[in-house]
Number of protein chains: 4
Amino acid sequence: MTAAPLPETTRLEAFSDGVFAIAITLLVLEIHVPTIAESAAEGGLRHALAERWPSFTGFAISFLTIGIMWANHHAIFQYVRRADRRFLLVNILFLMGISFVPYPTAVLAEHLPDAASRLTATLFYAGTFVVMAVLFNAVWWTGIYEGRLLGADVDREGLEVISSRYRLGPVAYLAALALAPLSVWLTLGLHVVMALFFSRSERTRS
Amino acid sequence: MTAAPLPETTRLEAFSDGVFAIAITLLVLEIHVPTIAESAAEGGLRHALAERWPSFTGFAISFLTIGIMWANHHAIFQYVRRADRRFLLVNILFLMGISFVPYPTAVLAEHLPDAASRLTATLFYAGTFVVMAVLFNAVWWTGIYEGRLLGADVDREGLEVISSRYRLGPVAYLAALALAPLSVWLTLGLHVVMALFFSRSERTRS
Amino acid sequence: MTAAPLPETTRLEAFSDGVFAIAITLLVLEIHVPTIAESAAEGGLRHALAERWPSFTGFAISFLTIGIMWANHHAIFQYVRRADRRFLLVNILFLMGISFVPYPTAVLAEHLPDAASRLTATLFYAGTFVVMAVLFNAVWWTGIYEGRLLGADVDREGLEVISSRYRLGPVAYLAALALAPLSVWLTLGLHVVMALFFSRSERTRS
Amino acid sequence: MTAAPLPETTRLEAFSDGVFAIAITLLVLEIHVPTIAESAAEGGLRHALAERWPSFTGFAISFLTIGIMWANHHAIFQYVRRADRRFLLVNILFLMGISFVPYPTAVLAEHLPDAASRLTATLFYAGTFVVMAVLFNAVWWTGIYEGRLLGADVDREGLEVISSRYRLGPVAYLAALALAPLSVWLTLGLHVVMALFFSRSERTRS
């Protein structure tokens with residue numbers, strides 16, 4: 001019952017916050033700035049910007065999803081109060097996924113206007129989030145496993161609500177991916193819906 | 001009156017700070033470094049650097065504006081002491097705007113020297129800040145709504161001063177945008193003036 | 001025995017965390033996004049992505065290694081509780097190494113498919129981590145030197161375990177480098193093994 | 001004597017740390033990765049990397065200088081314990097300078113091998129640090145002005161030592177700049193010397 005020898009989660013959270021904040025902010029770098037020549041060729045800057053809609057769409061969906069994942073990652077540490085090396089390692093793998101997101105986002109933005117590669121790009125994008133949802137669960141289950149890393153005053157009810165909701169993640173993201181051959185727009189729309197769904201608090205009263 | 005179950009704002013502030021700090025620092029990446037060949041073609045490096053003035057202008061205005069927005073975002077948390085999921089979500093949308101700023105800044109820098117696309121670029125740039133001002137107000141009003149998230153010892157007078165000043169933001173930025181057809185330089189100059197105006201403290205005595 | 005005049009390590013840790021988090025997240029920017037034209041030329045987006053495997057490999061190894069180095073850097077500050085200017089300077093040199101890692105990673109990713117330059121790229125990559133291991137030890141030994149910067153309640157046993165393990169680092173990374181002429185894949189595989197080895201806690205019980 | 005109404009410097013420091021950490025880590029992005037074709041054309045990857053020495057030099061000098069500036073910025077807040085809006089604004093201008101550093105560094109790296117533009121690039125680089133030294137002093141003098149923002153237990157002696165040393169900064173960096181027409185290498189070497197000089201603690205005993 002000696003909590004002291006285990007490291008605090010403060011710096012782990014700060015490091016994670018850093019990776020989240022940077023990954024989410026790097027998304028904008030992938031949006032191409034139309035040059036003067038390109039704008040002239042594409043019928044003016046207004047049209048040139050409008051043609052960047054796949055980039056704006058990808059930016060918005062990825063930003064929202066990473067943002068909500070950050071909020072839920074945040075929520076984990078209301079329960080998990082200590083960290084051992086296994087938890088640290090799993091968290092690093094999860095952060096690897098987060099910092100990877102700008103890449104499939106850029107691939108999606110590049111290929112969304114192209115009928116030949118649109119589906120592949122969407123599957124790659126949606127597949128990344130399936131992996132992310134699995135990794136997120138890995139962090140959560142490693143954190144609450146056998147209660148070793150939980151705080152003493154843990155809210156059991158909130159823990160149950162979170163557990164059952166997070167378990168839903170991989171399935172929901174896989175379903176969204178599976179619908180891509182039907183319509184990539186449906187898949188992308190579901191990503192927004194899922195982000196909003198997972199943004200709900202685990203507490204019914206707040 | 002049980003404040004404990006709601007999450008603290010510490011990590012929310014840290015995450016927001018991260019996004020602010022990264023977005024503000026990424027601005028520099030959009031300034032093109034003249035190559036040896038370009039410098040030779042443009043009459044020497046000194047001239048080549050001088051011709052980058054639209055980039056330097058955009059960098060300075062955006063940096064100043066994001067910097068002041070950071071300071072004011074900071075000020076919000078002297079009043080808002082708790083965060084529920086709705087506040088979190090609105091804050092993520094606001095941060096999406098902040099992290100987007102390097103894009104319109106780069107568009108402005110690219111198109112400011114071009115008479116044909118200068119106005120469109122300035123409208124896009126100024127329009128982004130209108131949206132930012134609206135989102136900033138959304139964060140503020142969600143935070144103080146019904147007093148649920150305020151600290152117990154809240155300074156009512158400062159709250160009033162801030163509220164009335166922030167309310168001014170969207171109107172002022174919209175006015176600056178509306179003047180762009182008259183002169184894009186006036187619009188950009190007003191952005192500096194507004195940044196300095198909004199840098200004032202809400203307390204007359206400090 | 002007056003600890004007060006020496007600066008706390010809190011802000012040093014926060015700054016280091018920032019550099020770690022940014023360097024680790026910048027890795028993704030080095031992975032090239034295949035354009036529509038490239039994908040078509042390379043037999044579809046699926047093939048074009050699959051051909052990026054050296055980038056994905058470099059990304060994963062570097063991410064894992066920096067991540068574990070972060071965790072171990074973290075561990076240092078469970079022992080080192082104060083910082084003088086010498087420690088600060090050595091830590092800055094170490095962070096210079098960390099922030100440099102995206103460069104050899106990109107060089108490796110670019111040249112791994114090229115038989116003529118593969119070995120040189122791997123030596124450059126592995127050499128960077130030899131230097132990193134030396135710099136990491138420099139931070140550690142500067143921190144515990146004569147016990148001036150240690151906390152009063154320092155865990156002597158953990159200190160010994162860490163010291164002997166960190167001392168192993170430069171030797172192990174040098175050995176991995178030396179094996180590159182035999183097989184670059186062996187060298188890269190050993191980097192994963194070493195990252196996992198150094199992810200072990202210094203405490204046998206946790 | 002009512003300290004409470006003024007905001008704490010904690011979040012200001014965190015934000016500044018973020019900008020420092022990002023600016024310092026972005027430096028690496030400016031180093032060009034030689035492609036397979038370039039390496040082959042330049043006589044192998046080893047030669048191609050060796051020819052990047054101006055980039056490595058610029059990276060190292062800028063990293064060291066920003067790193068030491070971070071440490072000294074850190075030191076300011078051992079004296080300045082509160083922040084008003086004027087201090088905040090001056091600090092934002094200083095951070096604007098810090099986040100700008102990757103640009104002159106990239107310009108220097110690009111033009112150092114070119115006899116025609118080498119001097120201009122060095123003057124631009126050294127000029128940036130003259131401005132930085134002036135801005136650093138502006139932060140310091142705004143912070144200690146009339147003692148309004150100082151802590152109650154301020155170390156007067158350390159304050160004097162710091163003040164006289166920081167005052168030296170603009171002069172020293174201007175002198176280094178003035179020597180550039182004589183030799184750009186002397187100027188760059190002096191930047192390393194100055195970084196090491198300013199890394200000294202203000203306390204003789206530590």
# chains A, B, ... in the order shown; residues from 1 in each chain; ligands from 1

call {"tool": "interface_residues", "arguments": {"of": "chain A", "to": "chain C", "cutoff": "8 Å", "atoms": "only C-alpha atoms", "output": "list in words"}}
result
Leu6, Arg11, Ala14, Phe15, Ser16, Gly18, Val19, Ile22, Ala23, Asp84, Arg85, Leu88, Leu89, Ile92, Leu93, Met96, Ser99, Phe100, Pro102, Tyr103, Ala106, Val107, Glu110, His111, Asp114, Ser117, Thr120 and Ala121 of chain A

call {"tool": "select_by_dssp", "arguments": {"residues": "range 15-115 of chain B", "states": "helix (DSSP H, G or I)", "output": "PyMOL selection string"}}
result
chain B and resi 15-30+36-41+45-50+53-76+85-100+102-111

call {"tool": "residues_around", "arguments": {"residues": "Gly151 in chain C", "least_positions_apart": "5", "cutoff": "8 Å", "atoms": "only C-alpha atoms", "output": "PDB file with N, CA and C atoms, in the first residue's frame"}}
result
ATOM      1  N   TYR C  79      15.818  11.581  -8.741  1.00  0.00           N
ATOM      2  CA  TYR C  79      17.030  11.621  -7.923  1.00  0.00           C
ATOM      3  C   TYR C  79      17.594  13.048  -7.873  1.00  0.00           C
ATOM      4  N   VAL C  80      17.737  13.639  -9.062  1.00  0.00           N
ATOM      5  CA  VAL C  80      18.286  14.997  -9.139  1.00  0.00           C
ATOM      6  C   VAL C  80      17.173  15.989  -8.847  1.00  0.00           C
ATOM      7  N   ARG C  81      17.315  16.730  -7.778  1.00  0.00           N
ATOM      8  CA  ARG C  81      16.250  17.626  -7.347  1.00  0.00           C
ATOM      9  C   ARG C  81      16.598  19.102  -7.505  1.00  0.00           C
ATOM     10  N   ARG C  82      17.867  19.363  -7.837  1.00  0.00           N
ATOM     11  CA  ARG C  82      18.280  20.750  -8.032  1.00  0.00           C
ATOM     12  C   ARG C  82      19.085  20.837  -9.312  1.00  0.00           C
TER      13      ARG C  82
END

call {"tool": "atom_distance", "arguments": {"atom1": "CA of Ala109 in chain B", "atom2": "CA of Thr57 in chain B"}}
result
7.7 Å

call {"tool": "residues_around", "arguments": {"residues": "Leu174 in chain B", "least_positions_apart": "3", "cutoff": "9 Å", "atoms": "only C-alpha atoms", "output": "list in words"}}
result
Ala126, Gly127, Phe129, Val130, Gly169, Pro170, Val171, Leu177, Ala178 and Leu179 of chain B

call {"tool": "atom_distance", "arguments": {"atom1": "CA of Arg52 in chain A", "atom2": "CA of Pro113 in chain A"}}
result
9.6 Å

call {"tool": "residues_around", "arguments": {"residues": "range 122-124 of chain C", "least_positions_apart": "4", "cutoff": "7 Å", "atoms": "only C-alpha atoms", "output": "count of residues only"}}
result
7

call {"tool": "residues_around", "arguments": {"residues": "Leu135 in chain A", "least_positions_apart": "5", "cutoff": "8 Å", "atoms": "only C-alpha atoms", "output": "list in words"}}
result
Val90, Leu93, Phe94 and Gly97 of chain A

call {"tool": "write_last_selection", "arguments": {"atoms": "N, CA and C atoms", "output": "JSON list (two decimals), in the first residue's frame"}}
result
[["chain", "number", "residue", "atom", "x", "y", "z"],
["A", 90, "VAL", "N", 3.01, 1.47, -22.90],
["A", 90, "VAL", "CA", 1.75, 1.44, -23.65],
["A", 90, "VAL", "C", 1.32, 2.86, -24.02],
["A", 93, "LEU", "N", 3.26, 4.03, -27.01],
["A", 93, "LEU", "CA", 2.72, 3.46, -28.25],
["A", 93, "LEU", "C", 1.46, 4.22, -28.69],
["A", 94, "PHE", "N", 0.61, 4.55, -27.71],
["A", 94, "PHE", "CA", -0.59, 5.33, -28.01],
["A", 94, "PHE", "C", -0.22, 6.70, -28.59],
["A", 97, "GLY", "N", 0.74, 6.67, -32.14],
["A", 97, "GLY", "CA", -0.44, 6.73, -32.99],
["A", 97, "GLY", "C", -0.94, 8.17, -33.16]]

call {"tool": "atom_distance", "arguments": {"atom1": "CA of Ala138 in chain C", "atom2": "CA of Ser163 in chain C"}}
result
11.3 Å

call {"tool": "select_by_dssp", "arguments": {"residues": "range 1-203 of chain B", "states": "strand (DSSP E or B)", "output": "tab-separated table (two decimals) with C-alpha atoms, in the first residue's frame"}}
result
chain	number	residue	atom	x	y	z
B	8	GLU	CA	-9.74	21.06	-12.74
B	80	VAL	CA	-13.53	30.01	-14.88
B	82	ARG	CA	-13.92	24.30	-13.55
B	150	LEU	CA	-16.90	30.17	-11.95
